[in-house]
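Just below is one structure, and these are the notes that go with it.
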Amino acid sequence: MEFVRGVEVADRVYRFGTRRINWYIVEEDDALTVVDAGLPGHWNLLVEGVEVLGYTISDVAAILITHGDLDHLGFAEWLRVAADAPVWIHPADVQRANTVSRSLPPLDFVKVLWKPPVFSYFVEVVRSGVGSVPQLTAFEIFEDGDELDVPGHPTVIHVPGHTAGSSAFYLPDRDVLFCGDALMMYNVRTGRHTEPALLPPIHYDAEKARSSIRKLDSCGEVVLLSGHGEPWEGHMRNIG
């Protein structure tokens with residue numbers, strides 16, 4: 001497994017995870033925000049990465065969750081306890097986060113498990129502890145349009161479609177947009193890195209997902225950071 005260890009992808013924004021699964025750290029005023037939480041097997045990567053940046057786990061001020069899929073919840077609960085920092089999530093995804101099966105992959109995923117890229121992804125998430133993702137025992141909730149008082153001061157943009165609570169986080173002073181899985185730059189089914197795209201087969205409501213993306217047009221020129229794939233730079237109007 002090839003790890004990504006704190007690559008600076010925008011001003012004081014660092015990418016972590018693997019070539020398939022991303023999570024990020026935002027740095028501001030000697031404190032950190034973690035955006036998404038990968039998988040439990042990424043915990044040591046987090047600890048080492050924070051230290052390389054010159055911080056400790058106690059400097060993490062918040063954990064933001066773009067949506068309630070297991071490969072975004074990973075170490076969130078552990079970090080909440082270790083850093084005494086709140087986990088933030090949209091209320092529409094709280095139930096999903098705590099009830100989605102830790103042992104069985106989604107049926108639409110199982111149906112294509114025979115494809116080599118899908119099987120490779122499955123092996124990675126299993127080895128990274130997807131079956132042991134802890135439930136969120138405490139959390140804060142945000143709503144569409146909120147500006148969160150955490151390092152980076154992101155604005156929340158609710159983009160339902162991939163999940164009911166899927167949300168993007170926009171940092172206007174840095175032209176950075178975290179989109180979770182609302183858009184992806186890596187296609188799990190083909191193993192290919194792509195331009196930003198919707199992947200309708202894994203969205204609970206593909207039509208709503210397409211509509212939600214248009215809410216991001218007003219962000220303009222951004223560095224777009226997805227849960228899967230490489231960073232992308234461009235105008236959000238050009239996606240669709």
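Identifiers in this document derive from the order of the structure tokens: chains are assigned A, B, ..., residues are numbered from 1 separately in each chain, and ligands are numbered from 1 in order of occurrence.
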
- Query: Could you write out, as number ranges by chain, all the residues of segment 35-240 of chain A that DSSP marks as alpha helix (DSSP H)?
  - Reply: A: 43-52, 70-73, 76-83, 94-99, 107-110, 116-127, 206-213

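Near Arg19 of chain A, within 9 Å and counting only C-alpha atoms, sit Met1, Glu2, Phe3, Val4, Asn22, Tyr186, His228, Gly229 and Glu230 of chain A, not including residues fewer than 3 positions from it in the same chain.
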
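From atom CA of Ser166 of chain A back to atom CA of Val223 of chain A, the distance works out to 18.8 Å.
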
- Between A:Val150, A:Val13, A:Ala97, A:Val159, single out the one closest to Glu207 of chain A, counting only C-alpha atoms. A:Val159

Identify, on the basis of only C-alpha atoms, every residue whose closest approach to Gly38 of chain A does not exceed 10 Å; exclude the query and any residue fewer than 5 positions from it along the same chain; express the result as a PDB file with N, CA and C atoms, in the first residue's frame.
```
ATOM      1  N   PHE A  16      -3.212  13.489   3.030  1.00  0.00           N
ATOM      2  CA  PHE A  16      -2.746  12.247   3.626  1.00  0.00           C
ATOM      3  C   PHE A  16      -3.612  11.089   3.112  1.00  0.00           C
ATOM      4  N   GLY A  17      -3.153   9.872   3.385  1.00  0.00           N
ATOM      5  CA  GLY A  17      -3.933   8.688   3.054  1.00  0.00           C
ATOM      6  C   GLY A  17      -3.163   7.771   2.135  1.00  0.00           C
ATOM      7  N   THR A  18      -3.826   7.335   1.050  1.00  0.00           N
ATOM      8  CA  THR A  18      -3.196   6.482   0.049  1.00  0.00           C
ATOM      9  C   THR A  18      -3.542   7.048  -1.323  1.00  0.00           C
ATOM     10  N   ILE A  21      -7.467   6.664  -1.217  1.00  0.00           N
ATOM     11  CA  ILE A  21      -8.285   7.222  -0.134  1.00  0.00           C
ATOM     12  C   ILE A  21      -7.584   8.437   0.458  1.00  0.00           C
ATOM     13  N   ASN A  22      -8.270   9.578   0.450  1.00  0.00           N
ATOM     14  CA  ASN A  22      -7.682  10.821   0.947  1.00  0.00           C
ATOM     15  C   ASN A  22      -8.339  11.307   2.229  1.00  0.00           C
ATOM     16  N   TRP A  23      -7.529  11.947   3.054  1.00  0.00           N
ATOM     17  CA  TRP A  23      -8.018  12.821   4.119  1.00  0.00           C
ATOM     18  C   TRP A  23      -6.994  13.949   4.246  1.00  0.00           C
ATOM     19  N   TYR A  24      -7.364  15.010   4.939  1.00  0.00           N
ATOM     20  CA  TYR A  24      -6.583  16.241   4.849  1.00  0.00           C
ATOM     21  C   TYR A  24      -6.419  16.903   6.224  1.00  0.00           C
ATOM     22  N   TRP A  43      -4.139   5.535  11.361  1.00  0.00           N
ATOM     23  CA  TRP A  43      -3.899   6.250  12.614  1.00  0.00           C
ATOM     24  C   TRP A  43      -2.429   6.637  12.787  1.00  0.00           C
ATOM     25  N   LEU A  46      -1.459   9.524  10.740  1.00  0.00           N
ATOM     26  CA  LEU A  46      -1.904  10.781  11.344  1.00  0.00           C
ATOM     27  C   LEU A  46      -0.923  11.253  12.408  1.00  0.00           C
ATOM     28  N   ASP A  69     -19.632   7.596   5.291  1.00  0.00           N
ATOM     29  CA  ASP A  69     -19.103   6.327   4.804  1.00  0.00           C
ATOM     30  C   ASP A  69     -17.895   5.923   5.640  1.00  0.00           C
ATOM     31  N   LEU A  70     -17.681   4.615   5.751  1.00  0.00           N
ATOM     32  CA  LEU A  70     -16.663   4.111   6.667  1.00  0.00           C
ATOM     33  C   LEU A  70     -15.257   4.569   6.312  1.00  0.00           C
ATOM     34  N   ASP A  71     -14.968   4.738   5.010  1.00  0.00           N
ATOM     35  CA  ASP A  71     -13.618   5.148   4.633  1.00  0.00           C
ATOM     36  C   ASP A  71     -13.395   6.645   4.803  1.00  0.00           C
ATOM     37  N   HIS A  72     -14.327   7.302   5.481  1.00  0.00           N
ATOM     38  CA  HIS A  72     -14.173   8.710   5.858  1.00  0.00           C
ATOM     39  C   HIS A  72     -14.289   8.887   7.375  1.00  0.00           C
ATOM     40  N   LEU A  73     -14.785   7.861   8.053  1.00  0.00           N
ATOM     41  CA  LEU A  73     -14.980   7.906   9.509  1.00  0.00           C
ATOM     42  C   LEU A  73     -13.813   7.328  10.277  1.00  0.00           C
ATOM     43  N   GLY A  74     -13.084   6.382   9.637  1.00  0.00           N
ATOM     44  CA  GLY A  74     -11.945   5.657  10.180  1.00  0.00           C
ATOM     45  C   GLY A  74     -11.539   5.892  11.615  1.00  0.00           C
ATOM     46  N   PHE A  75     -10.659   6.859  11.818  1.00  0.00           N
ATOM     47  CA  PHE A  75     -10.101   7.111  13.153  1.00  0.00           C
ATOM     48  C   PHE A  75     -10.767   8.299  13.852  1.00  0.00           C
ATOM     49  N   ALA A  76     -11.902   8.776  13.349  1.00  0.00           N
ATOM     50  CA  ALA A  76     -12.514  10.005  13.882  1.00  0.00           C
ATOM     51  C   ALA A  76     -12.794   9.906  15.379  1.00  0.00           C
ATOM     52  N   VAL A 125      -9.156  -1.665   1.861  1.00  0.00           N
ATOM     53  CA  VAL A 125      -9.978  -1.197   2.976  1.00  0.00           C
ATOM     54  C   VAL A 125     -10.073  -2.249   4.080  1.00  0.00           C
ATOM     55  N   SER A 128      -6.930  -2.161   5.992  1.00  0.00           N
ATOM     56  CA  SER A 128      -6.837  -0.901   6.740  1.00  0.00           C
ATOM     57  C   SER A 128      -7.870  -0.810   7.865  1.00  0.00           C
ATOM     58  N   VAL A 130     -11.412  -1.555   7.937  1.00  0.00           N
ATOM     59  CA  VAL A 130     -12.769  -1.057   7.745  1.00  0.00           C
ATOM     60  C   VAL A 130     -13.769  -1.751   8.671  1.00  0.00           C
ATOM     61  N   VAL A 133     -14.081   0.166  12.316  1.00  0.00           N
ATOM     62  CA  VAL A 133     -14.321   1.611  12.442  1.00  0.00           C
ATOM     63  C   VAL A 133     -15.238   1.855  13.640  1.00  0.00           C
ATOM     64  N   GLY A 227     -12.372  12.916  -1.719  1.00  0.00           N
ATOM     65  CA  GLY A 227     -12.031  11.770  -0.894  1.00  0.00           C
ATOM     66  C   GLY A 227     -11.246  10.718  -1.645  1.00  0.00           C
TER      67      GLY A 227
END
```

- Please provide the set of residues having any atom within 8 Å of segment 84-94 of chain A, restricted to only C-alpha atoms, with same-chain residues fewer than 6 positions apart removed, written as number ranges by chain. A: 58, 60-68, 76-77, 138-143, 163-167

Take the residues just selected and output them with N, CA and C atoms as a short mmCIF file (atom, residue, chain, number, x, y, z; two decimals), in the first residue's frame.
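Final output, part.cif:
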```cif
data_model
loop_
_atom_site.label_atom_id
_atom_site.label_comp_id
_atom_site.auth_asym_id
_atom_site.auth_seq_id
_atom_site.Cartn_x
_atom_site.Cartn_y
_atom_site.Cartn_z
N SER A 58 -2.76 16.85 20.38
CA SER A 58 -3.54 17.80 21.18
C SER A 58 -3.77 19.12 20.46
N VAL A 60 -4.92 19.28 17.43
CA VAL A 60 -6.08 19.12 16.55
C VAL A 60 -7.30 19.72 17.24
N ALA A 61 -7.92 20.70 16.60
CA ALA A 61 -9.04 21.43 17.21
C ALA A 61 -10.39 20.93 16.74
N ALA A 62 -10.43 20.22 15.60
CA ALA A 62 -11.72 19.76 15.07
C ALA A 62 -11.49 18.68 14.02
N ILE A 63 -12.49 17.81 13.89
CA ILE A 63 -12.52 16.79 12.86
C ILE A 63 -13.81 16.99 12.07
N LEU A 64 -13.70 17.27 10.77
CA LEU A 64 -14.87 17.49 9.92
C LEU A 64 -15.10 16.27 9.05
N ILE A 65 -16.32 15.78 9.02
CA ILE A 65 -16.67 14.60 8.25
C ILE A 65 -17.56 15.03 7.08
N THR A 66 -17.09 14.75 5.84
CA THR A 66 -17.88 15.13 4.68
C THR A 66 -19.13 14.28 4.52
N HIS A 67 -19.07 13.02 4.93
CA HIS A 67 -20.24 12.14 4.87
C HIS A 67 -19.96 10.86 5.64
N GLY A 68 -21.02 10.10 5.88
CA GLY A 68 -20.94 9.00 6.82
C GLY A 68 -20.54 7.66 6.26
N ALA A 76 -11.90 8.78 13.35
CA ALA A 76 -12.51 10.00 13.88
C ALA A 76 -12.79 9.91 15.38
N GLU A 77 -13.38 8.81 15.81
CA GLU A 77 -13.71 8.67 17.23
C GLU A 77 -12.46 8.58 18.09
N ALA A 138 -19.94 10.86 20.32
CA ALA A 138 -20.25 12.27 20.58
C ALA A 138 -19.90 13.04 19.32
N PHE A 139 -20.69 14.06 19.03
CA PHE A 139 -20.45 14.82 17.79
C PHE A 139 -21.19 16.14 17.86
N GLU A 140 -20.76 17.07 17.00
CA GLU A 140 -21.46 18.32 16.77
C GLU A 140 -22.06 18.25 15.37
N ILE A 141 -23.11 19.02 15.13
CA ILE A 141 -23.72 19.01 13.81
C ILE A 141 -23.63 20.40 13.18
N PHE A 142 -23.55 20.39 11.86
CA PHE A 142 -23.55 21.64 11.09
C PHE A 142 -24.68 21.59 10.09
N GLU A 143 -25.02 22.76 9.55
CA GLU A 143 -26.06 22.87 8.54
C GLU A 143 -25.53 23.64 7.34
N THR A 163 -24.66 10.71 -0.36
CA THR A 163 -25.43 10.34 0.84
C THR A 163 -26.34 11.52 1.15
N ALA A 164 -27.28 11.30 2.06
CA ALA A 164 -28.23 12.37 2.40
C ALA A 164 -27.54 13.56 3.05
N GLY A 165 -26.47 13.31 3.79
CA GLY A 165 -25.80 14.40 4.50
C GLY A 165 -24.50 14.86 3.88
N SER A 166 -24.19 14.40 2.69
CA SER A 166 -22.92 14.79 2.06
C SER A 166 -22.75 16.30 2.06
N SER A 167 -21.57 16.74 2.46
CA SER A 167 -21.31 18.18 2.57
C SER A 167 -19.91 18.50 2.09
#
```

- Item | Which residue of A:Ser132, A:Thr33, A:Thr155, A:Thr194 approaches Tyr14 of chain A most closely, using only C-alpha atoms | A:Thr33
